[in-house]
Structure formats: C-alpha cells, structure tokens
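For reference, my_file_29.txt (compact mmCIF, C-alpha atoms):
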# COMPACT_ATOMS: atom_id res chain seq x y z
CA MET A 30 89.66 31.04 36.94
CA ALA A 31 87.42 29.70 34.21
CA LYS A 32 83.96 28.60 35.14
CA GLN A 33 83.17 25.01 34.43
CA LEU A 34 79.82 24.30 32.83
CA VAL A 35 77.93 21.37 34.13
CA PHE A 36 75.50 19.62 31.79
CA LEU A 37 72.69 17.76 33.50
CA PRO A 38 71.57 14.54 31.84
CA MET A 39 68.27 14.84 29.92
CA HIS A 40 65.73 12.23 30.78
CA PRO A 41 63.36 11.11 28.02
CA PRO A 42 59.70 11.99 28.66
CA HIS A 43 57.60 9.37 30.33
CA PRO A 44 55.58 7.23 27.84
CA LEU A 45 52.33 8.02 29.65
CA ARG A 46 52.92 11.74 29.16
CA ILE A 47 53.44 11.23 25.43
CA THR A 48 50.19 9.23 25.17
CA ALA A 49 48.25 11.87 27.08
CA LEU A 50 49.64 14.61 24.83
CA ILE A 51 48.67 12.73 21.64
CA LEU A 52 45.14 12.09 22.90
CA ALA A 53 44.73 15.73 23.83
CA VAL A 54 45.78 16.88 20.36
CA LEU A 55 43.50 14.35 18.65
CA GLY A 56 40.59 15.30 20.86
CA LEU A 57 41.05 18.95 20.04
CA GLY A 58 41.12 18.20 16.34
CA LEU A 59 38.00 16.04 16.47
CA SER A 60 36.04 18.55 18.50
CA THR A 61 37.01 21.31 16.09
CA GLY A 62 35.99 19.20 13.08
CA LEU A 63 32.68 18.27 14.66
CA SER A 64 31.91 21.86 15.57
CA GLN A 65 32.58 22.91 11.96
CA GLN A 66 30.30 20.15 10.66
CA ASP A 67 27.60 21.15 13.14
CA ARG A 68 27.76 24.71 11.85
CA LYS A 69 27.45 23.50 8.26
CA LYS A 70 24.63 21.00 8.79
CA SER A 71 22.55 20.57 11.92
CA PHE A 72 20.86 17.21 12.46
CA PRO A 73 17.10 17.62 13.05
CA ASP A 74 15.61 16.56 16.37
CA LYS A 75 12.69 14.91 14.60
CA PHE A 76 12.53 12.96 11.34
CA GLN A 77 11.40 15.38 8.64
CA GLU A 78 9.10 13.81 6.06
CA LYS A 79 9.03 15.92 2.92
CA TRP A 80 8.63 15.36 -0.79
CA GLU A 81 11.81 14.89 -2.78
CA LYS A 82 11.89 15.82 -6.46
CA GLU A 83 13.20 13.36 -9.02
CA GLY A 84 12.59 15.09 -12.29
CA PRO A 85 9.45 17.08 -13.17
CA ASN A 86 7.00 14.18 -12.83
CA VAL A 87 8.18 12.16 -9.81
CA ARG A 88 7.89 12.91 -6.09
CA ILE A 89 9.21 10.67 -3.30
CA LYS A 90 8.49 10.74 0.42
CA ARG A 91 10.56 8.59 2.79
CA HIS A 92 8.85 7.78 6.07
CA GLN A 93 10.44 7.39 9.48
CA ASP A 94 9.67 3.65 9.68
CA GLY A 95 11.61 2.99 6.47
CA SER A 96 8.62 2.82 4.13
CA ARG A 97 8.16 5.26 1.25
CA THR A 98 5.51 6.69 -1.05
CA VAL A 99 6.13 7.64 -4.68
CA PHE A 100 3.84 9.65 -6.97
CA ARG A 101 4.48 9.60 -10.71
CA ARG A 102 2.39 11.57 -13.20
CA SER A 103 2.21 11.28 -16.96
CA PRO A 104 3.55 14.16 -19.09
CA ASP A 105 -0.01 15.08 -20.14
CA ASP A 106 -1.18 15.26 -16.47
CA ARG A 107 -4.01 12.81 -17.12
CA THR A 108 -2.61 9.82 -15.20
CA LEU A 109 -1.25 9.70 -11.67
CA VAL A 110 0.33 6.56 -10.16
CA LYS A 111 0.87 6.20 -6.42
CA ARG A 112 3.12 3.39 -5.19
CA THR A 113 3.62 2.51 -1.54
CA TRP A 114 6.60 0.48 -0.32
CA GLY A 115 6.64 -1.25 3.06
CA THR A 116 9.43 -1.34 5.60
CA ASN A 117 10.78 -4.53 4.00
CA GLY A 118 11.30 -2.77 0.65
CA ALA A 119 8.45 -4.59 -1.11
CA VAL A 120 5.63 -2.79 -2.92
CA LYS A 121 2.47 -2.88 -0.81
CA MET A 122 -0.04 -1.07 -3.01
CA ILE A 123 -0.37 0.62 -6.39
CA VAL A 124 -3.12 3.13 -7.19
CA VAL A 125 -3.62 4.41 -10.74
CA TYR A 126 -5.73 7.58 -11.02
CA ARG A 127 -7.35 8.91 -14.18
CA LEU A 128 -7.52 12.73 -14.00
CA ASN A 129 -9.58 15.42 -15.66
CA ALA A 130 -8.17 18.61 -17.20
CA GLN A 131 -8.09 20.28 -13.76
CA GLY A 132 -6.06 17.45 -12.25
CA ASP A 133 -8.95 16.02 -10.21
CA PRO A 134 -9.36 12.23 -10.14
CA LEU A 135 -12.30 10.86 -12.09
CA ALA A 136 -11.61 7.22 -11.24
CA CYS A 137 -8.87 4.95 -9.95
CA LYS A 138 -7.85 1.31 -9.84
CA ILE A 139 -6.21 -0.18 -6.75
CA TYR A 140 -3.74 -3.06 -7.03
CA ASP A 141 -1.85 -5.05 -4.44
CA GLY A 142 1.93 -5.37 -4.45
CA ARG A 143 1.75 -8.18 -7.02
CA GLU A 144 -0.30 -5.97 -9.38
CA SER A 145 -3.53 -7.91 -8.87
CA LEU A 146 -6.55 -5.64 -9.28
CA LEU A 147 -8.46 -5.30 -6.00
CA TYR A 148 -10.84 -2.35 -6.31
CA LYS A 149 -12.22 0.15 -8.78
CA VAL A 150 -13.28 3.60 -7.59
CA SER A 151 -15.24 6.44 -9.18
CA TYR A 152 -15.49 10.03 -7.93
CA GLY A 153 -18.37 12.51 -8.24
CA TYR A 154 -18.14 16.31 -8.04
CA SER A 155 -20.60 19.12 -7.47
CA LYS A 156 -21.59 20.86 -10.70
CA THR A 157 -21.82 24.22 -8.93
CA SER A 158 -18.85 24.27 -6.53
CA GLY A 159 -16.63 21.63 -8.14
CA ARG A 160 -16.02 20.03 -4.73
CA LEU A 161 -15.72 16.29 -4.28
CA GLN A 162 -19.13 14.90 -3.31
CA ALA A 163 -18.99 11.12 -3.50
CA GLU A 164 -16.62 8.20 -3.78
CA ARG A 165 -17.88 4.78 -4.86
CA MET A 166 -15.73 1.67 -4.46
CA PHE A 167 -16.36 -1.56 -6.39
CA ASP A 168 -14.84 -4.97 -5.71
CA ALA A 169 -12.88 -6.03 -8.79
CA ARG A 170 -12.55 -9.62 -7.55
CA ALA A 171 -16.25 -10.34 -7.14
CA LEU A 172 -18.86 -8.69 -9.36
CA ARG A 173 -21.93 -7.52 -7.45
CA THR A 174 -25.01 -6.41 -9.36
CA ASP A 175 -28.40 -5.05 -8.46
CA PRO A 176 -30.93 -7.76 -9.41
CA ARG A 177 -33.51 -5.13 -10.35
CA THR A 178 -31.32 -3.09 -12.69
CA GLY A 179 -28.43 -5.42 -13.48
CA LYS A 180 -25.98 -2.60 -12.75
CA GLU A 181 -22.83 -3.15 -10.72
CA THR A 182 -23.23 -2.15 -7.09
CA PRO A 183 -20.48 -0.68 -4.87
CA ILE A 184 -19.20 -2.26 -1.70
CA ARG A 185 -18.57 1.13 -0.09
CA VAL A 186 -19.81 4.68 -0.65
CA MET A 187 -18.47 7.86 0.93
CA TYR A 188 -20.37 11.16 0.83
CA TYR A 189 -18.23 14.22 1.53
CA ASN A 190 -19.61 17.15 3.54
CA TYR A 191 -18.42 20.73 4.03
CA ASP A 192 -19.08 23.48 6.54
CA ALA A 193 -20.25 27.01 5.75
CA GLN A 194 -16.68 28.09 5.00
CA GLY A 195 -16.15 25.24 2.55
CA ASN A 196 -13.88 23.21 4.82
CA PRO A 197 -14.34 19.42 4.65
CA THR A 198 -16.01 17.77 7.62
CA ALA A 199 -16.37 14.10 8.55
CA PRO A 200 -17.73 12.13 5.58
CA GLU A 201 -20.70 9.79 5.67
CA VAL A 202 -19.56 6.23 4.97
CA TYR A 203 -21.76 3.27 3.99
CA THR A 204 -20.63 -0.26 3.33
CA PHE A 205 -22.58 -2.94 1.48
CA LYS A 206 -20.25 -5.88 2.04
CA GLU A 207 -21.82 -8.41 4.37
CA GLY A 208 -20.04 -8.86 7.68
CA LYS A 209 -17.64 -5.95 7.07
CA ASN A 210 -17.67 -2.38 8.30
CA ALA A 211 -16.28 0.53 6.30
CA GLU A 212 -12.87 0.43 8.00
CA GLU A 213 -12.48 -3.28 7.31
CA VAL A 214 -13.25 -2.82 3.62
CA PHE A 215 -10.52 -0.26 2.95
CA GLY A 216 -9.34 1.50 6.09
CA ALA A 217 -10.83 4.52 7.81
CA HIS A 218 -9.96 7.02 5.07
CA GLY A 219 -11.05 7.36 1.49
CA THR A 220 -8.97 6.76 -1.62
CA PHE A 221 -8.94 10.39 -2.80
CA PRO A 222 -5.25 11.48 -3.13
CA ARG A 223 -5.26 14.39 -0.71
CA ASP A 224 -1.50 13.95 -0.35
CA ASN A 225 -0.93 14.53 -4.08
CA PRO A 226 2.33 16.55 -4.11
CA PHE A 227 1.59 17.97 -7.57
CA GLN A 228 -1.50 19.83 -6.38
CA PRO A 229 -0.99 23.32 -4.88
Before we go any further, please render this structure as structure tokens.
Amino acid sequence: MAKQLVFLPMHPPHPLRITALILAVLGLGLSTGLSQQDRKKSFPDKFQEKWEKEGPNVRIKRHQDGSRTVFRRSPDDRTLVKRTWGTNGAVKMIVVYRLNAQGDPLACKIYDGRESLLYKVSYGYSKTSGRLQAERMFDARALRTDPRTGKETPIRVMYYNYDAQGNPTAPEVYTFKEGKNAEEVFGAHGTFPRDNPFQP
C-alpha cells in the first residue's frame, strides 16, 4: 500500500517578525560601521586647540568658542601679522609686528577690526642677556607729550622681571592714562607675541 504524503499549508511570516528581522540586521550593520570608524578615528573628549599649517608662512588656531587666531609672517621674517576673529566671524583685532634678525619684535601697531590704528608699542631688550625688558604703549588716537622735553609719552609701561633661573616673573605695570588702570588700557597681559607659532 503506497504511503500518501500530506503537505501542510505554509503560512506567510507575520509582518511584525519581518520588521524585527530587518531592524536587527540594520542595527548590526550600523554598529559594525561605527566600531570601524571609532577604530580609525577617535573623537577627543576635550576640544584640542593646536596650530594648523597653511603653507610655510601661515598658522591658524581655531578656538573652542568659534573664534580663531591667525599668524602670517613675511618671507623675509621681518614682519609678523596677528589677526583675531571673534565668534561672529568678524575681525576683532590686527597686530603688525616689526621683527629684528632674530625674530624678536622691535615694535608693533595695533588696529581694531576696521583697521583703525589704536596703539603703537615699542620693545626694549637687555644688551647682555637679550631678554625682553620693557614694553611701552602709546595712544595713536591722542598724542601725549612731555611738556619739558616735547617727546611723546606712553600711556602704559611694562617692565619684565626674571628669577635666578631666567624664568619670567610677574611684570611691573604702570599706566599714565587718567582714570584708567593698566587692565582697562589694554587688558591684563602685554602685547608681546608669546604665542608666536613660528618661534621654537
């Protein structure tokens, strides 16, 4: 007697099962892709501010708040221009330094974002050690002169001091602008470009 085969009807899979299967496959693919990207490039926990090179004479630093600082030097290394952009993308300040053969600033001019001259600064160095000794700032918008000598007088003077090991200590700051302290004249720090990325 021949056996009779019985075929049971096949029910199509439930739509919810199909959806769950698709999501599982996609999730696996995404997690694999992300893990591969993480291995290639890890995102830093903190914003890393560092100088970016744009050719031999330009350095750019992008700050966490969206502002940026750009240094540009001339091919002969005798002029250094520092531009600062604010968070809104507008230029806040321009400083043009005139350098000596060693790359040290001899003087600078400070402009606002509209390129209006605000201050002129001169720097003095020790003849024996070569260290920065003094910084004199003059107001370019209002000439001030000594009535006895007729020479232009500064509105702020900073004298730089060093310890026995040659490390800089807190400078002495004097202001000669009536009703203004040193910080109100031009911030708490001097104008010397200690953040110059071209200096070792």
Give me, as a list in words, all polymer residues having an atom no more than 8 Å from stretch 105-120 of chain A, counting all atoms listed in the file and skipping those fewer than 4 positions away in the same chain.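 Selected residues are Asp94, Gly95, Ser96, Arg97, Thr98, Val99, Phe100, Arg101, Val124, Val125, Tyr126, Arg127, Leu128, Asn129, Ala130, Gly132, Asp141, Gly142 and Arg143 of chain A.
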Residues within 12 Å of A:Gly153, all atoms listed in the file, excluding chain neighbours under 5 positions, as a ChimeraX atom specification: /A:129,133-136,158-166,186-189,221
What is the atom CA of A:Tyr140-atom CA of A:Pro222 distance in Å, reported with one decimal?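 The value is 15.1 Å.
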Between atom CA of A:Ser103 and atom CA of A:Arg223 - distance in Å to one decimal: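 Computed distance, atom CA of A:Arg223 to atom CA of A:Ser103, equals 18.2 Å.
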Could you tell me how far atom CA of A:Asp175 lies from atom CA of A:Lys206, in Å and to one decimal?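 If I compute the distance from atom CA of A:Asp175 to atom CA of A:Lys206, I get 13.3 Å.
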At a cut-off of 12 Å from (-11.7, -9.4, -10.7) in the coordinates of the file, what residues are picked up using only C-alpha atoms, written as a short mmCIF file (atom, residue, chain, number, x, y, z; two decimals) with C-alpha atoms, in the frame of the given file?
data_model
loop_
_atom_site.label_atom_id
_atom_site.label_comp_id
_atom_site.auth_asym_id
_atom_site.auth_seq_id
_atom_site.Cartn_x
_atom_site.Cartn_y
_atom_site.Cartn_z
CA LYS A 138 -7.85 1.31 -9.84
CA ILE A 139 -6.21 -0.18 -6.75
CA TYR A 140 -3.74 -3.06 -7.03
CA GLU A 144 -0.30 -5.97 -9.38
CA SER A 145 -3.53 -7.91 -8.87
CA LEU A 146 -6.55 -5.64 -9.28
CA LEU A 147 -8.46 -5.30 -6.00
CA TYR A 148 -10.84 -2.35 -6.31
CA LYS A 149 -12.22 0.15 -8.78
CA PHE A 167 -16.36 -1.56 -6.39
CA ASP A 168 -14.84 -4.97 -5.71
CA ALA A 169 -12.88 -6.03 -8.79
CA ARG A 170 -12.55 -9.62 -7.55
CA ALA A 171 -16.25 -10.34 -7.14
CA LEU A 172 -18.86 -8.69 -9.36
CA ARG A 173 -21.93 -7.52 -7.45
#
When distances are computed from only C-alpha atoms, which of A:Thr220, A:Gln93, A:Gln194, A:Pro85 shows the smallest separation from A:Ile123?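 That would be A:Thr220, the residue with the smallest distance to A:Ile123.
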Take the structure in the block and write a file for stretch 103-144 of chain A, N, CA and C atoms, as a tab-separated table (two decimals), in the first residue's frame.
chain	number	residue	atom	x	y	z
A	103	SER	N	56.07	87.49	6.90
A	103	SER	CA	56.58	87.81	5.57
A	103	SER	C	57.69	86.83	5.21
A	104	PRO	N	57.95	86.64	3.92
A	104	PRO	CA	59.01	85.69	3.51
A	104	PRO	C	60.38	86.03	4.07
A	105	ASP	N	60.65	87.32	4.36
A	105	ASP	CA	61.96	87.69	4.90
A	105	ASP	C	62.01	87.64	6.42
A	106	ASP	N	60.92	87.20	7.07
A	106	ASP	CA	60.85	87.05	8.53
A	106	ASP	C	61.01	88.37	9.28
A	107	ARG	N	60.69	89.48	8.65
A	107	ARG	CA	60.84	90.77	9.31
A	107	ARG	C	59.49	91.39	9.69
A	108	THR	N	58.40	90.79	9.24
A	108	THR	CA	57.07	91.29	9.58
A	108	THR	C	56.19	90.12	9.99
A	109	LEU	N	55.46	90.31	11.09
A	109	LEU	CA	54.54	89.29	11.58
A	109	LEU	C	53.19	89.95	11.83
A	110	VAL	N	52.14	89.37	11.26
A	110	VAL	CA	50.79	89.93	11.40
A	110	VAL	C	49.91	88.93	12.14
A	111	LYS	N	49.30	89.40	13.20
A	111	LYS	CA	48.39	88.56	14.00
A	111	LYS	C	46.97	89.10	13.86
A	112	ARG	N	46.07	88.27	13.38
A	112	ARG	CA	44.66	88.65	13.25
A	112	ARG	C	43.81	87.76	14.16
A	113	THR	N	42.87	88.40	14.84
A	113	THR	CA	41.97	87.69	15.73
A	113	THR	C	40.54	87.87	15.27
A	114	TRP	N	39.85	86.75	15.03
A	114	TRP	CA	38.43	86.77	14.66
A	114	TRP	C	37.57	86.42	15.86
A	115	GLY	N	36.42	87.07	15.99
A	115	GLY	CA	35.50	86.78	17.07
A	115	GLY	C	34.60	85.61	16.73
A	116	THR	N	33.70	85.30	17.65
A	116	THR	CA	32.78	84.19	17.44
A	116	THR	C	31.78	84.46	16.32
A	117	ASN	N	31.58	85.73	15.98
A	117	ASN	CA	30.64	86.08	14.91
A	117	ASN	C	31.30	86.09	13.53
A	118	GLY	N	32.59	85.74	13.46
A	118	GLY	CA	33.29	85.69	12.19
A	118	GLY	C	33.90	87.00	11.75
A	119	ALA	N	33.76	88.05	12.54
A	119	ALA	CA	34.31	89.36	12.20
A	119	ALA	C	35.69	89.54	12.83
A	120	VAL	N	36.56	90.26	12.14
A	120	VAL	CA	37.90	90.53	12.67
A	120	VAL	C	37.78	91.47	13.87
A	121	LYS	N	38.41	91.08	14.99
A	121	LYS	CA	38.36	91.89	16.20
A	121	LYS	C	39.58	92.79	16.32
A	122	MET	N	40.76	92.23	15.98
A	122	MET	CA	41.99	92.99	16.19
A	122	MET	C	43.06	92.52	15.22
A	123	ILE	N	43.91	93.47	14.81
A	123	ILE	CA	45.04	93.19	13.94
A	123	ILE	C	46.29	93.79	14.58
A	124	VAL	N	47.33	93.00	14.72
A	124	VAL	CA	48.59	93.48	15.28
A	124	VAL	C	49.70	93.21	14.27
A	125	VAL	N	50.43	94.25	13.91
A	125	VAL	CA	51.52	94.13	12.94
A	125	VAL	C	52.84	94.36	13.67
A	126	TYR	N	53.67	93.31	13.72
A	126	TYR	CA	54.96	93.38	14.42
A	126	TYR	C	56.10	93.58	13.42
A	127	ARG	N	57.04	94.43	13.81
A	127	ARG	CA	58.29	94.58	13.05
A	127	ARG	C	59.38	93.83	13.82
A	128	LEU	N	60.06	92.89	13.17
A	128	LEU	CA	60.99	91.99	13.85
A	128	LEU	C	62.44	92.30	13.51
A	129	ASN	N	63.34	91.90	14.42
A	129	ASN	CA	64.75	92.01	14.13
A	129	ASN	C	65.24	90.72	13.47
A	130	ALA	N	66.52	90.60	13.25
A	130	ALA	CA	67.07	89.44	12.55
A	130	ALA	C	66.87	88.14	13.33
A	131	GLN	N	66.71	88.24	14.65
A	131	GLN	CA	66.50	87.06	15.48
A	131	GLN	C	65.02	86.68	15.61
A	132	GLY	N	64.15	87.47	15.00
A	132	GLY	CA	62.73	87.20	15.08
A	132	GLY	C	62.03	87.81	16.28
A	133	ASP	N	62.74	88.67	17.03
A	133	ASP	CA	62.14	89.33	18.19
A	133	ASP	C	61.47	90.63	17.77
A	134	PRO	N	60.30	90.94	18.31
A	134	PRO	CA	59.62	92.19	17.93
A	134	PRO	C	60.38	93.43	18.42
A	135	LEU	N	60.54	94.38	17.54
A	135	LEU	CA	61.10	95.67	17.91
A	135	LEU	C	59.98	96.67	18.21
A	136	ALA	N	58.89	96.56	17.48
A	136	ALA	CA	57.75	97.45	17.65
A	136	ALA	C	56.52	96.78	17.04
A	137	CYS	N	55.35	97.32	17.36
A	137	CYS	CA	54.13	96.83	16.73
A	137	CYS	C	53.10	97.94	16.68
A	138	LYS	N	52.14	97.77	15.79
A	138	LYS	CA	50.99	98.66	15.69
A	138	LYS	C	49.73	97.82	15.85
A	139	ILE	N	48.79	98.32	16.64
A	139	ILE	CA	47.58	97.58	16.96
A	139	ILE	C	46.38	98.30	16.35
A	140	TYR	N	45.61	97.56	15.56
A	140	TYR	CA	44.44	98.10	14.87
A	140	TYR	C	43.19	97.38	15.36
A	141	ASP	N	42.06	98.06	15.24
A	141	ASP	CA	40.80	97.38	15.53
A	141	ASP	C	40.34	96.61	14.29
A	142	GLY	N	39.17	96.01	14.37
A	142	GLY	CA	38.68	95.19	13.26
A	142	GLY	C	38.44	95.97	11.98
A	143	ARG	N	38.29	97.29	12.09
A	143	ARG	CA	38.07	98.13	10.90
A	143	ARG	C	39.36	98.76	10.40
A	144	GLU	N	40.49	98.28	10.95
A	144	GLU	CA	41.83	98.72	10.56
A	144	GLU	C	42.10	100.16	10.94
